[in-house]
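K.L.:
Structure incoming, see below.
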Amino acid sequence: MENKVVEWILKYQLVAISRGVKPELMVKTAKALYDGGVRSLEITFNQASDTCIQDTETSIKQVKQALGDKMCIGAGTVMTIEQAEAAYKAGADFALAPDTNIDVIKKIVKLGMAAVPGALTPTEIAAAYQAGASIVKLFPAGNMGLNYVKAIRGPINHVPLMAVGGVNVENIREFLDNGFTSVGIGSNIVKNSLIEAGKFDEITALAKAYTEQLEK
């Protein structure tokens, strides 16, 4: 299962990141993203919310039920063992994090999900990969710039990297052409203001703008 998920992410290259979307609006959001060509969706845990586990579990379950195998669904900002277990219980295909927590990575792998932890330095990238990460999320990628990526890709050219943070429609192609296997896009596509206003056609249009760049 883990290998199939990794192949899926690497094939479609773009993971849309949903942060703070209300559970009752999540299915409509996912469908709008799907209509725009997005095939991988991350639904994050809001660490500051007392109901983050319940909300994220509900959202993942609803989207999985609505779209089935048409989308690969991940849990995002998975920073604890409890959240990893909740992601698995909800049916998540993969789990992402902003940090390199070896215990959490190993738990995600043990549960059979693809682990996509966050890392920044060469040491963190190597440690995450050695702990069982399928893909390592370089975060925040945009702040470091492509010269940084090119420098670390010399000695660390065997680790699949996902760029998250600072990736936009103008530079997405640059990231993919310079060592990244995939990218994660949050509020540049999944705009909560549009979702709250019910403008799902605009979410679809934003998604299309990015997915069209993948075909170039």
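Lettering and numbering for the structure tokens are positional, with chains as A, B, ... in the shown order, residues counted from 1 in each chain, and ligands counted from 1 in the shown order.
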To test your reading of the structure, identify every residue in region 27-216 of chain A that backbone DSSP assigns to strand (DSSP E or B), and report it as a ChimeraX atom specification.
P.N.:
/A:40-44,72-76,94-96,114-116,118-119,136-138,161-164,182-185
K.L.:
Write to file, as an mmCIF file, in the first residue's frame, the residues of the selection just made, with N, CA and C atoms.
P.N.:
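File produced: selection_27.cif:
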```cif
data_model
loop_
_atom_site.group_PDB
_atom_site.id
_atom_site.type_symbol
_atom_site.label_atom_id
_atom_site.label_comp_id
_atom_site.auth_asym_id
_atom_site.auth_seq_id
_atom_site.Cartn_x
_atom_site.Cartn_y
_atom_site.Cartn_z
ATOM 1 N N SER A 40 -4.110 14.501 -5.145
ATOM 2 C CA SER A 40 -3.605 14.218 -3.801
ATOM 3 C C SER A 40 -3.970 15.389 -2.890
ATOM 4 N N LEU A 41 -4.539 15.069 -1.727
ATOM 5 C CA LEU A 41 -5.016 16.110 -0.813
ATOM 6 C C LEU A 41 -4.544 15.826 0.605
ATOM 7 N N GLU A 42 -3.992 16.846 1.233
ATOM 8 C CA GLU A 42 -3.578 16.771 2.631
ATOM 9 C C GLU A 42 -4.580 17.538 3.490
ATOM 10 N N ILE A 43 -5.115 16.879 4.498
ATOM 11 C CA ILE A 43 -6.048 17.505 5.432
ATOM 12 C C ILE A 43 -5.338 17.588 6.778
ATOM 13 N N THR A 44 -5.068 18.796 7.234
ATOM 14 C CA THR A 44 -4.171 18.974 8.372
ATOM 15 C C THR A 44 -4.864 18.934 9.737
ATOM 16 N N CYS A 72 -5.926 10.521 -3.482
ATOM 17 C CA CYS A 72 -5.075 10.002 -2.411
ATOM 18 C C CYS A 72 -5.139 11.022 -1.269
ATOM 19 N N ILE A 73 -5.539 10.572 -0.086
ATOM 20 C CA ILE A 73 -5.796 11.498 1.014
ATOM 21 C C ILE A 73 -4.762 11.313 2.129
ATOM 22 N N GLY A 74 -4.145 12.413 2.501
ATOM 23 C CA GLY A 74 -3.166 12.373 3.578
ATOM 24 C C GLY A 74 -3.603 13.222 4.758
ATOM 25 N N ALA A 75 -3.078 12.890 5.922
ATOM 26 C CA ALA A 75 -3.265 13.722 7.107
ATOM 27 C C ALA A 75 -2.037 14.602 7.247
ATOM 28 N N GLY A 76 -2.246 15.878 7.530
ATOM 29 C CA GLY A 76 -1.133 16.812 7.608
ATOM 30 C C GLY A 76 -0.877 17.312 9.023
ATOM 31 N N PHE A 94 -1.499 8.621 3.604
ATOM 32 C CA PHE A 94 -0.162 9.075 3.964
ATOM 33 C C PHE A 94 -0.275 10.125 5.058
ATOM 34 N N ALA A 95 0.852 10.390 5.710
ATOM 35 C CA ALA A 95 0.862 11.355 6.806
ATOM 36 C C ALA A 95 2.067 12.269 6.670
ATOM 37 N N LEU A 96 1.826 13.567 6.768
ATOM 38 C CA LEU A 96 2.873 14.567 6.626
ATOM 39 C C LEU A 96 3.075 15.314 7.933
ATOM 40 N N ALA A 114 2.333 5.944 4.165
ATOM 41 C CA ALA A 114 3.551 6.578 3.671
ATOM 42 C C ALA A 114 3.859 7.774 4.556
ATOM 43 N N ALA A 115 5.099 7.881 5.010
ATOM 44 C CA ALA A 115 5.501 8.982 5.894
ATOM 45 C C ALA A 115 6.192 10.068 5.091
ATOM 46 N N VAL A 116 5.716 11.310 5.265
ATOM 47 C CA VAL A 116 6.306 12.473 4.578
ATOM 48 C C VAL A 116 6.620 13.536 5.632
ATOM 49 N N GLY A 118 8.703 16.616 7.631
ATOM 50 C CA GLY A 118 9.365 17.834 7.212
ATOM 51 C C GLY A 118 10.801 17.873 7.688
ATOM 52 N N ALA A 119 11.652 18.482 6.891
ATOM 53 C CA ALA A 119 13.064 18.624 7.240
ATOM 54 C C ALA A 119 13.616 19.846 6.522
ATOM 55 N N VAL A 136 10.655 13.073 1.748
ATOM 56 C CA VAL A 136 10.958 14.072 2.766
ATOM 57 C C VAL A 136 10.498 15.437 2.261
ATOM 58 N N LYS A 137 9.740 16.111 3.094
ATOM 59 C CA LYS A 137 9.204 17.433 2.753
ATOM 60 C C LYS A 137 10.215 18.504 3.150
ATOM 61 N N LEU A 138 10.793 19.184 2.167
ATOM 62 C CA LEU A 138 11.697 20.292 2.483
ATOM 63 C C LEU A 138 10.837 21.499 2.807
ATOM 64 N N LEU A 161 12.307 14.373 -2.615
ATOM 65 C CA LEU A 161 11.979 15.586 -1.876
ATOM 66 C C LEU A 161 10.692 16.229 -2.393
ATOM 67 N N MET A 162 9.884 16.690 -1.455
ATOM 68 C CA MET A 162 8.683 17.469 -1.772
ATOM 69 C C MET A 162 8.917 18.896 -1.298
ATOM 70 N N ALA A 163 8.670 19.862 -2.170
ATOM 71 C CA ALA A 163 8.824 21.273 -1.808
ATOM 72 C C ALA A 163 7.513 21.802 -1.236
ATOM 73 N N VAL A 164 7.592 22.359 -0.028
ATOM 74 C CA VAL A 164 6.408 22.946 0.603
ATOM 75 C C VAL A 164 6.809 24.276 1.225
ATOM 76 N N SER A 182 7.997 16.403 -6.114
ATOM 77 C CA SER A 182 6.612 16.815 -5.907
ATOM 78 C C SER A 182 6.587 18.128 -5.144
ATOM 79 N N VAL A 183 5.394 18.729 -5.071
ATOM 80 C CA VAL A 183 5.229 19.989 -4.349
ATOM 81 C C VAL A 183 3.946 19.945 -3.536
ATOM 82 N N GLY A 184 3.918 20.707 -2.456
ATOM 83 C CA GLY A 184 2.705 20.874 -1.671
ATOM 84 C C GLY A 184 2.266 22.330 -1.743
ATOM 85 N N ILE A 185 1.007 22.549 -2.061
ATOM 86 C CA ILE A 185 0.473 23.907 -2.216
ATOM 87 C C ILE A 185 -0.692 24.097 -1.247
#
```
K.L.:
For Asn3 (chain A), which residue out of A:Gly36, A:Pro98, A:Gly166, A:Gly112 is the nearest one, using only C-alpha atoms?
P.N.:
A:Gly112
K.L.:
For Glu82 (chain A), which residue among A:Asp103, A:Asp69, A:Asp35, A:Glu7 is the nearest when counting only C-alpha atoms?
P.N.:
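Of the candidates, the smallest distance to Glu82 (chain A) is held by A:Asp103.
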K.L.:
Among region 24-198 of chain A, which residues carry a DSSP assignment of helix (DSSP H, G or I), reported as a VMD selection string?
P.N.:
chain A and resid 24 to 35 52 to 70 81 to 90 102 to 110 122 to 130 141 to 144 146 to 153 172 to 176 192 to 196
K.L.:
Counting only C-alpha atoms, what is within 8 Å of Ala32 (chain A), bar same-chain residues fewer than 5 positions away, as a ChimeraX atom specification?
P.N.:
/A:200-201,203-204
K.L.:
Convert the current residue selection to file output with C-alpha atoms, as a PDB file, in the first residue's frame.
P.N.:
```
ATOM      1  CA  PHE A 200     -15.873  26.408  -5.311  1.00  0.00           C
ATOM      2  CA  ASP A 201     -15.630  27.154  -9.027  1.00  0.00           C
ATOM      3  CA  ILE A 203     -11.046  26.827  -6.192  1.00  0.00           C
ATOM      4  CA  THR A 204     -11.290  24.642  -9.283  1.00  0.00           C
TER       5      THR A 204
END
```
K.L.:
Smallest atom-to-atom distance to Phe180 (chain A): which of A:Thr123, A:Glu57, A:Gln13, A:Leu67, using only C-alpha atoms?
P.N.:
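The answer is A:Gln13, which sits nearest to Phe180 (chain A).
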K.L.:
Considering only C-alpha atoms, state which residue in the set A:Ala90, A:Ala16, A:Ala141, A:Ile102 is at the smallest distance from Ala30 (chain A).
P.N.:
A:Ala16
K.L.:
Applying 10 Å and only C-alpha atoms, which residues near Gly198 (chain A) remain after dropping the ones on its own chain fewer than 5 positions away? List them as an MDAnalysis selection string.
P.N.:
chainID A and resid 25 28:29 192:193 203
K.L.:
Quick one: everything within 9 Å of Lys61 (chain A), counting only C-alpha atoms, minus sequence neighbours fewer than 4 positions away in the same chain. Send it as a list in words.
P.N.:
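So the residues in contact are Thr56, Glu57, Gln65, Ala66, Lys89, Ala90, Gly91 and Ala92 of chain A.
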K.L.:
Between CA of Val104 (chain A) and CA of Thr80 (chain A), what is the spacing in Å?
P.N.:
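Rounded to one decimal, the two atoms are 6.1 Å apart.
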K.L.:
Calculated over only C-alpha atoms, which of the candidates A:Val63, A:Ala209, A:Ile152, A:Ala48 has the smallest distance to Thr77 (chain A)?
P.N.:
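Going through A:Val63, A:Ala209, A:Ile152, A:Ala48 one by one, the smallest distance to Thr77 (chain A) is for A:Ala48.
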K.L.:
Kindly give the distance, in Å, that separates CA of Ser59 (chain A) and CA of Val21 (chain A), rounded to a single decimal.
P.N.:
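Atom-to-atom, CA of Ser59 (chain A) to CA of Val21 (chain A), that is 8.9 Å.
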K.L.:
With only C-alpha atoms as the basis for distance, which of A:Arg173, A:Glu2, A:Leu214, A:Gly154 is at the shortest distance from Leu111 (chain A)?
P.N.:
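For Leu111 (chain A), the nearest of the given residues is A:Glu2.
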K.L.:
Could you pull the residues within 12 Å of Lys150 (chain A), counting only C-alpha atoms, minus those fewer than 2 positions along the same chain, as a VMD selection string?
P.N.:
chain A and resid 122 141 144 to 148 152 to 157 161 174 to 175 177 to 180
